[in-house]
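Peer 1: Here you go, my_file_10.txt (compact mmCIF, N, CA and C atoms):
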```txt
# COMPACT_ATOMS: atom_id res chain seq x y z
N MET A 19 25.00 96.26 80.43
CA MET A 19 25.63 96.15 81.75
C MET A 19 26.25 94.76 81.97
N SER A 20 25.64 93.73 81.36
CA SER A 20 26.16 92.38 81.59
C SER A 20 27.60 92.25 81.11
N GLY A 21 27.96 92.98 80.03
CA GLY A 21 29.34 92.95 79.56
C GLY A 21 30.31 93.47 80.60
N THR A 22 29.89 94.50 81.33
CA THR A 22 30.73 95.07 82.38
C THR A 22 30.97 94.05 83.49
N TYR A 23 29.93 93.33 83.89
CA TYR A 23 30.08 92.35 84.95
C TYR A 23 30.95 91.19 84.49
N MET A 24 30.82 90.78 83.23
CA MET A 24 31.67 89.70 82.74
C MET A 24 33.12 90.17 82.64
N GLN A 25 33.34 91.43 82.31
CA GLN A 25 34.71 91.96 82.30
C GLN A 25 35.30 91.93 83.72
N MET A 26 34.49 92.24 84.72
CA MET A 26 34.94 92.14 86.11
C MET A 26 35.31 90.69 86.44
N ALA A 27 34.48 89.75 86.00
CA ALA A 27 34.76 88.33 86.24
C ALA A 27 36.05 87.92 85.54
N LEU A 28 36.25 88.41 84.32
CA LEU A 28 37.50 88.12 83.61
C LEU A 28 38.71 88.67 84.35
N ASN A 29 38.56 89.86 84.93
CA ASN A 29 39.66 90.42 85.74
C ASN A 29 39.95 89.54 86.95
N GLU A 30 38.90 89.02 87.58
CA GLU A 30 39.09 88.10 88.71
C GLU A 30 39.78 86.81 88.25
N ALA A 31 39.44 86.33 87.06
CA ALA A 31 40.08 85.13 86.52
C ALA A 31 41.57 85.39 86.28
N ARG A 32 41.88 86.54 85.73
CA ARG A 32 43.30 86.88 85.49
C ARG A 32 44.07 86.98 86.80
N ALA A 33 43.44 87.55 87.82
CA ALA A 33 44.08 87.65 89.13
C ALA A 33 44.30 86.25 89.71
N ALA A 34 43.34 85.34 89.50
CA ALA A 34 43.51 83.96 89.97
C ALA A 34 44.70 83.32 89.27
N ALA A 35 44.83 83.54 87.97
CA ALA A 35 45.97 82.99 87.22
C ALA A 35 47.29 83.49 87.79
N GLU A 36 47.35 84.76 88.13
CA GLU A 36 48.57 85.32 88.70
C GLU A 36 48.92 84.68 90.04
N ARG A 37 47.91 84.18 90.75
CA ARG A 37 48.14 83.49 92.03
C ARG A 37 48.46 82.01 91.81
N GLY A 38 48.46 81.57 90.53
CA GLY A 38 48.72 80.17 90.23
C GLY A 38 47.48 79.29 90.29
N GLU A 39 46.32 79.92 90.37
CA GLU A 39 45.06 79.18 90.41
C GLU A 39 44.50 79.01 89.00
N VAL A 40 43.68 77.99 88.79
CA VAL A 40 42.98 77.87 87.52
C VAL A 40 42.15 79.15 87.36
N PRO A 41 42.31 79.85 86.24
CA PRO A 41 41.72 81.18 86.10
C PRO A 41 40.22 81.20 85.81
N VAL A 42 39.48 81.12 86.88
CA VAL A 42 38.02 81.28 86.81
C VAL A 42 37.67 82.41 87.75
N GLY A 43 36.84 83.32 87.26
CA GLY A 43 36.40 84.46 88.07
C GLY A 43 34.90 84.55 88.08
N ALA A 44 34.36 85.11 89.16
CA ALA A 44 32.91 85.24 89.31
C ALA A 44 32.56 86.56 89.96
N VAL A 45 31.41 87.08 89.57
CA VAL A 45 30.86 88.32 90.13
C VAL A 45 29.38 88.09 90.38
N LEU A 46 28.93 88.41 91.58
CA LEU A 46 27.52 88.28 91.93
C LEU A 46 26.93 89.67 92.10
N VAL A 47 25.81 89.91 91.43
CA VAL A 47 25.17 91.23 91.47
C VAL A 47 23.70 91.10 91.84
N ARG A 48 23.21 92.17 92.44
CA ARG A 48 21.77 92.30 92.70
C ARG A 48 21.39 93.68 92.20
N GLY A 49 20.52 93.74 91.21
CA GLY A 49 20.23 95.01 90.57
C GLY A 49 21.50 95.49 89.90
N ALA A 50 21.91 96.69 90.20
CA ALA A 50 23.16 97.24 89.63
C ALA A 50 24.30 97.20 90.64
N GLU A 51 24.08 96.54 91.78
CA GLU A 51 25.10 96.51 92.84
C GLU A 51 25.91 95.22 92.81
N VAL A 52 27.22 95.36 92.79
CA VAL A 52 28.11 94.21 92.90
C VAL A 52 28.16 93.82 94.37
N ILE A 53 27.70 92.62 94.66
CA ILE A 53 27.65 92.13 96.04
C ILE A 53 28.96 91.42 96.41
N ALA A 54 29.50 90.64 95.46
CA ALA A 54 30.73 89.89 95.74
C ALA A 54 31.43 89.59 94.43
N ARG A 55 32.77 89.48 94.50
CA ARG A 55 33.57 89.10 93.35
C ARG A 55 34.81 88.38 93.85
N ASP A 56 35.22 87.36 93.10
CA ASP A 56 36.41 86.61 93.50
C ASP A 56 36.81 85.68 92.36
N GLY A 57 37.96 85.04 92.55
CA GLY A 57 38.45 84.04 91.62
C GLY A 57 38.78 82.78 92.39
N ASN A 58 39.07 81.71 91.66
CA ASN A 58 39.42 80.45 92.31
C ASN A 58 40.53 80.65 93.34
N ARG A 59 40.42 79.92 94.46
CA ARG A 59 41.43 79.96 95.52
C ARG A 59 41.64 78.58 96.13
N THR A 60 41.46 77.53 95.33
CA THR A 60 41.58 76.17 95.88
C THR A 60 42.97 75.87 96.41
N ARG A 61 44.01 76.30 95.70
CA ARG A 61 45.39 76.05 96.13
C ARG A 61 45.76 76.95 97.31
N GLU A 62 45.42 78.21 97.19
CA GLU A 62 45.74 79.17 98.26
C GLU A 62 45.14 78.75 99.59
N LEU A 63 43.88 78.29 99.56
CA LEU A 63 43.18 77.94 100.79
C LEU A 63 43.24 76.45 101.11
N ASN A 64 43.90 75.66 100.22
CA ASN A 64 43.91 74.21 100.39
C ASN A 64 42.50 73.68 100.61
N ASP A 65 41.60 74.13 99.74
CA ASP A 65 40.18 73.82 99.88
C ASP A 65 39.62 73.50 98.50
N PRO A 66 39.26 72.23 98.26
CA PRO A 66 38.74 71.86 96.95
C PRO A 66 37.40 72.52 96.61
N THR A 67 36.73 73.08 97.60
CA THR A 67 35.45 73.76 97.33
C THR A 67 35.62 75.26 97.09
N ALA A 68 36.83 75.76 97.11
CA ALA A 68 37.05 77.21 96.98
C ALA A 68 37.05 77.66 95.52
N HIS A 69 36.03 77.21 94.80
CA HIS A 69 35.82 77.68 93.43
C HIS A 69 35.28 79.10 93.50
N ALA A 70 35.50 79.87 92.44
CA ALA A 70 35.08 81.27 92.41
C ALA A 70 33.60 81.41 92.75
N GLU A 71 32.77 80.53 92.20
CA GLU A 71 31.33 80.63 92.44
C GLU A 71 30.98 80.44 93.91
N VAL A 72 31.57 79.43 94.53
CA VAL A 72 31.30 79.15 95.94
C VAL A 72 31.79 80.31 96.82
N LEU A 73 32.95 80.84 96.50
CA LEU A 73 33.48 81.96 97.29
C LEU A 73 32.56 83.19 97.23
N VAL A 74 32.05 83.50 96.05
CA VAL A 74 31.15 84.67 95.98
C VAL A 74 29.82 84.38 96.66
N LEU A 75 29.35 83.15 96.62
CA LEU A 75 28.12 82.81 97.34
C LEU A 75 28.31 82.97 98.84
N ARG A 76 29.46 82.52 99.35
CA ARG A 76 29.74 82.66 100.78
C ARG A 76 29.81 84.13 101.19
N THR A 77 30.52 84.93 100.40
CA THR A 77 30.64 86.36 100.70
C THR A 77 29.29 87.05 100.64
N ALA A 78 28.53 86.75 99.59
CA ALA A 78 27.22 87.38 99.41
C ALA A 78 26.26 86.97 100.53
N GLY A 79 26.27 85.69 100.90
CA GLY A 79 25.40 85.23 101.98
C GLY A 79 25.70 85.96 103.29
N ALA A 80 26.99 86.11 103.59
CA ALA A 80 27.39 86.82 104.81
C ALA A 80 27.00 88.29 104.72
N ARG A 81 27.24 88.89 103.58
CA ARG A 81 26.94 90.32 103.42
C ARG A 81 25.44 90.60 103.48
N LEU A 82 24.64 89.73 102.84
CA LEU A 82 23.19 89.94 102.80
C LEU A 82 22.46 89.25 103.96
N LYS A 83 23.23 88.54 104.78
CA LYS A 83 22.69 87.83 105.94
C LYS A 83 21.55 86.86 105.56
N SER A 84 21.81 86.10 104.49
CA SER A 84 20.82 85.12 104.04
C SER A 84 21.51 84.06 103.19
N GLU A 85 21.06 82.82 103.34
CA GLU A 85 21.58 81.76 102.49
C GLU A 85 20.86 81.73 101.15
N ARG A 86 19.75 82.44 101.07
CA ARG A 86 18.99 82.56 99.82
C ARG A 86 19.33 83.88 99.16
N LEU A 87 19.89 83.81 97.98
CA LEU A 87 20.34 85.01 97.26
C LEU A 87 19.36 85.32 96.12
N VAL A 88 18.11 85.44 96.51
CA VAL A 88 17.03 85.72 95.57
C VAL A 88 17.28 87.06 94.89
N ASN A 89 16.93 87.13 93.63
CA ASN A 89 17.13 88.34 92.81
C ASN A 89 18.59 88.68 92.57
N CYS A 90 19.46 87.71 92.75
CA CYS A 90 20.88 87.92 92.45
C CYS A 90 21.24 87.15 91.19
N ASP A 91 22.16 87.72 90.44
CA ASP A 91 22.65 87.11 89.20
C ASP A 91 24.14 86.85 89.33
N LEU A 92 24.60 85.75 88.73
CA LEU A 92 26.01 85.39 88.80
C LEU A 92 26.61 85.41 87.40
N TYR A 93 27.76 86.05 87.30
CA TYR A 93 28.56 86.08 86.07
C TYR A 93 29.84 85.31 86.39
N VAL A 94 30.11 84.28 85.59
CA VAL A 94 31.29 83.46 85.82
C VAL A 94 31.94 83.14 84.47
N THR A 95 33.25 83.07 84.45
CA THR A 95 33.97 82.94 83.19
C THR A 95 33.94 81.55 82.59
N LEU A 96 33.59 80.54 83.38
CA LEU A 96 33.56 79.16 82.90
C LEU A 96 32.28 78.49 83.36
N GLU A 97 31.73 77.64 82.53
CA GLU A 97 30.53 76.87 82.90
C GLU A 97 30.76 76.21 84.26
N PRO A 98 29.87 76.43 85.22
CA PRO A 98 30.05 75.84 86.55
C PRO A 98 30.06 74.31 86.54
N CYS A 99 30.85 73.76 87.44
CA CYS A 99 30.88 72.31 87.64
C CYS A 99 29.60 71.89 88.38
N ALA A 100 29.42 70.61 88.57
CA ALA A 100 28.22 70.10 89.24
C ALA A 100 28.11 70.63 90.67
N MET A 101 29.24 70.68 91.39
CA MET A 101 29.22 71.19 92.77
C MET A 101 28.72 72.64 92.80
N CYS A 102 29.26 73.46 91.91
CA CYS A 102 28.88 74.87 91.88
C CYS A 102 27.44 75.05 91.40
N ALA A 103 27.03 74.24 90.43
CA ALA A 103 25.65 74.31 89.95
C ALA A 103 24.68 74.00 91.10
N ALA A 104 25.01 73.00 91.90
CA ALA A 104 24.16 72.67 93.05
C ALA A 104 24.11 73.83 94.03
N ALA A 105 25.25 74.43 94.29
CA ALA A 105 25.29 75.57 95.22
C ALA A 105 24.46 76.73 94.68
N LEU A 106 24.51 76.98 93.38
CA LEU A 106 23.72 78.06 92.78
C LEU A 106 22.23 77.77 92.93
N SER A 107 21.86 76.52 92.77
CA SER A 107 20.46 76.13 92.94
C SER A 107 20.01 76.34 94.39
N PHE A 108 20.81 75.86 95.33
CA PHE A 108 20.47 76.01 96.75
C PHE A 108 20.38 77.48 97.15
N ALA A 109 21.22 78.32 96.55
CA ALA A 109 21.22 79.75 96.87
C ALA A 109 20.08 80.50 96.18
N ARG A 110 19.38 79.82 95.28
CA ARG A 110 18.26 80.43 94.55
C ARG A 110 18.70 81.59 93.64
N ILE A 111 19.87 81.43 93.01
CA ILE A 111 20.36 82.45 92.08
C ILE A 111 19.33 82.60 90.96
N ARG A 112 19.05 83.84 90.60
CA ARG A 112 18.03 84.13 89.58
C ARG A 112 18.52 83.81 88.16
N ARG A 113 19.70 84.34 87.82
CA ARG A 113 20.25 84.14 86.48
C ARG A 113 21.74 83.79 86.56
N LEU A 114 22.15 82.88 85.70
CA LEU A 114 23.55 82.51 85.57
C LEU A 114 24.01 82.90 84.17
N TYR A 115 25.07 83.70 84.12
CA TYR A 115 25.71 84.06 82.87
C TYR A 115 27.12 83.48 82.91
N TYR A 116 27.48 82.67 81.92
CA TYR A 116 28.85 82.16 81.93
C TYR A 116 29.51 82.35 80.57
N GLY A 117 30.84 82.36 80.60
CA GLY A 117 31.64 82.60 79.41
C GLY A 117 31.87 81.34 78.61
N ALA A 118 32.95 80.63 78.89
CA ALA A 118 33.33 79.45 78.12
C ALA A 118 32.59 78.21 78.61
N SER A 119 32.26 77.34 77.66
CA SER A 119 31.69 76.04 78.01
C SER A 119 32.81 75.15 78.53
N ASP A 120 32.41 74.14 79.31
CA ASP A 120 33.40 73.20 79.85
C ASP A 120 32.94 71.77 79.58
N PRO A 121 33.24 71.24 78.38
CA PRO A 121 32.79 69.89 78.04
C PRO A 121 33.31 68.80 78.99
N LYS A 122 34.49 69.00 79.60
CA LYS A 122 35.06 67.99 80.50
C LYS A 122 34.50 68.08 81.92
N GLY A 123 34.40 69.30 82.47
CA GLY A 123 34.04 69.43 83.88
C GLY A 123 32.76 70.19 84.16
N GLY A 124 32.09 70.65 83.12
CA GLY A 124 30.88 71.44 83.32
C GLY A 124 29.74 70.60 83.87
N GLY A 125 28.86 71.27 84.60
CA GLY A 125 27.73 70.58 85.18
C GLY A 125 26.40 71.20 84.82
N VAL A 126 26.40 72.15 83.89
CA VAL A 126 25.18 72.85 83.51
C VAL A 126 24.71 72.40 82.13
N GLU A 127 25.51 72.63 81.12
CA GLU A 127 25.18 72.24 79.74
C GLU A 127 25.87 70.92 79.38
N HIS A 128 26.84 70.52 80.16
CA HIS A 128 27.60 69.29 79.93
C HIS A 128 27.51 68.42 81.18
N GLY A 129 28.10 67.23 81.09
CA GLY A 129 28.16 66.34 82.26
C GLY A 129 26.79 66.06 82.86
N PRO A 130 26.66 66.24 84.16
CA PRO A 130 25.41 65.87 84.82
C PRO A 130 24.22 66.79 84.54
N ARG A 131 24.46 67.95 83.93
CA ARG A 131 23.37 68.89 83.62
C ARG A 131 22.45 69.04 84.85
N PHE A 132 23.06 69.51 85.90
CA PHE A 132 22.41 69.54 87.22
C PHE A 132 21.01 70.15 87.20
N PHE A 133 20.85 71.27 86.52
CA PHE A 133 19.56 71.96 86.55
C PHE A 133 18.45 71.19 85.85
N SER A 134 18.81 70.20 85.03
CA SER A 134 17.83 69.40 84.30
C SER A 134 17.37 68.18 85.09
N GLN A 135 17.97 67.93 86.23
CA GLN A 135 17.64 66.74 87.02
C GLN A 135 16.32 66.93 87.78
N PRO A 136 15.53 65.88 87.90
CA PRO A 136 14.25 65.99 88.61
C PRO A 136 14.41 66.35 90.10
N THR A 137 15.60 66.10 90.65
CA THR A 137 15.83 66.42 92.06
C THR A 137 16.26 67.87 92.27
N CYS A 138 16.45 68.62 91.19
CA CYS A 138 16.84 70.03 91.30
C CYS A 138 15.61 70.86 91.64
N HIS A 139 15.66 71.55 92.77
CA HIS A 139 14.51 72.32 93.24
C HIS A 139 14.42 73.72 92.67
N HIS A 140 15.53 74.27 92.25
CA HIS A 140 15.53 75.62 91.66
C HIS A 140 16.49 75.66 90.49
N MET A 141 16.00 76.16 89.37
CA MET A 141 16.84 76.30 88.19
C MET A 141 16.90 77.77 87.80
N PRO A 142 18.10 78.34 87.81
CA PRO A 142 18.22 79.73 87.35
C PRO A 142 18.06 79.80 85.83
N GLU A 143 17.78 80.98 85.34
CA GLU A 143 17.86 81.19 83.90
C GLU A 143 19.34 81.09 83.56
N VAL A 144 19.68 80.44 82.46
CA VAL A 144 21.08 80.21 82.10
C VAL A 144 21.37 80.82 80.73
N TYR A 145 22.45 81.60 80.69
CA TYR A 145 22.90 82.22 79.45
C TYR A 145 24.40 81.95 79.30
N GLY A 146 24.76 81.14 78.34
CA GLY A 146 26.15 80.80 78.11
C GLY A 146 26.73 81.60 76.95
N GLY A 147 28.05 81.53 76.82
CA GLY A 147 28.73 82.15 75.71
C GLY A 147 28.95 83.65 75.83
N ILE A 148 28.84 84.20 77.04
CA ILE A 148 29.06 85.63 77.27
C ILE A 148 30.58 85.87 77.31
N ALA A 149 31.10 86.67 76.39
CA ALA A 149 32.55 86.91 76.27
C ALA A 149 33.30 85.58 76.21
N GLU A 150 32.72 84.64 75.50
CA GLU A 150 33.26 83.28 75.45
C GLU A 150 34.69 83.22 74.93
N ARG A 151 34.98 83.95 73.89
CA ARG A 151 36.32 83.92 73.31
C ARG A 151 37.36 84.41 74.31
N GLN A 152 37.06 85.50 75.01
CA GLN A 152 37.99 86.04 76.00
C GLN A 152 38.19 85.06 77.15
N ALA A 153 37.08 84.49 77.64
CA ALA A 153 37.16 83.56 78.76
C ALA A 153 37.97 82.32 78.38
N ALA A 154 37.74 81.80 77.19
CA ALA A 154 38.48 80.63 76.74
C ALA A 154 39.97 80.95 76.57
N GLU A 155 40.28 82.15 76.10
CA GLU A 155 41.68 82.54 75.91
C GLU A 155 42.43 82.64 77.24
N VAL A 156 41.78 83.16 78.26
CA VAL A 156 42.42 83.25 79.58
C VAL A 156 42.79 81.84 80.05
N LEU A 157 41.88 80.90 79.90
CA LEU A 157 42.16 79.52 80.29
C LEU A 157 43.23 78.88 79.42
N ARG A 158 43.11 79.05 78.11
CA ARG A 158 44.06 78.46 77.18
C ARG A 158 45.48 78.94 77.46
N SER A 159 45.66 80.24 77.64
CA SER A 159 47.03 80.74 77.87
C SER A 159 47.57 80.28 79.22
N PHE A 160 46.70 80.17 80.23
CA PHE A 160 47.15 79.68 81.54
C PHE A 160 47.72 78.27 81.42
N PHE A 161 46.97 77.38 80.77
CA PHE A 161 47.42 76.00 80.67
C PHE A 161 48.58 75.85 79.68
N GLN A 162 48.63 76.67 78.66
CA GLN A 162 49.72 76.63 77.71
C GLN A 162 51.03 77.02 78.39
N ASP A 163 50.97 78.00 79.27
CA ASP A 163 52.17 78.43 80.00
C ASP A 163 52.68 77.34 80.95
N ARG A 164 51.84 76.40 81.33
CA ARG A 164 52.23 75.37 82.27
C ARG A 164 52.74 74.10 81.59
N ARG A 165 52.62 74.05 80.28
CA ARG A 165 53.05 72.84 79.55
C ARG A 165 54.47 72.94 79.12
```
Could you show the structure in this file as structure tokens?

Peer 2:
Amino acid sequence: MSGTYMQMALNEARAAAERGEVPVGAVLVRGAEVIARDGNRTRELNDPTAHAEVLVLRTAGARLKSERLVNCDLYVTLEPCAMCAAALSFARIRRLYYGASDPKGGGVEHGPRFFSQPTCHHMPEVYGGIAERQAAEVLRSFFQDRR
């Protein structure tokens, strides 16, 4: 089933690219139910926090009427940045599945490694490299088209 959710996230990333956004997509699920899905919208909303992960957390919180998204899992096409990693921790996400690593801007396995910090109160289970080749290709072709 995780492959299906990552394919949904990849579709959200492709839709973000079509809008001129950096192509990152995210899907939040609880059990077998998709609670929220979206892609980056920082340019569209003129909001530097409108990363795919933050948008699905906002939608899921409103839908579930809770800031704590316990028993929810997040599928995202790119390793979350430090801001998104912090938001996932605060939301109490159970599991994080991500596609491509982000050596420059990542905050989970790279950079600040947010979940490894002593000040991090909740660390989700983390699984990287899910559909990694596809996720990296979506990003690569987006930036190649802009050069």

Peer 1: Pick from A:Leu63, A:Leu87, A:Met101, A:Ile53: nearest to Arg37 of chain A, with only C-alpha atoms counted?

Peer 2: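 With only C-alpha atoms as the atom set, the closest residue is A:Leu63.
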
Peer 1: I need the helix (DSSP H, G or I) residues of chain A per DSSP on the backbone, written as a ChimeraX atom specification.

Peer 2: /A:20-36,60-63,70-82,100-108,132-134,150-164

Peer 1: So how many Å separate atom C of Gly43 of chain A and atom C of Lys83 of chain A, to one decimal?

Peer 2: 22.1 Å

Peer 1: In Å, with one decimal, what is the gap from atom CA of Pro41 of chain A to atom CA of Ser134 of chain A?

Peer 2: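 Atom CA of Ser134 of chain A lies 26.7 Å from atom CA of Pro41 of chain A.
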
Peer 1: What is the atom N of Gly57 of chain A to atom C of Val156 of chain A distance in Å?

Peer 2: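 We find that atom N of Gly57 of chain A and atom C of Val156 of chain A lie 13.8 Å from each other.
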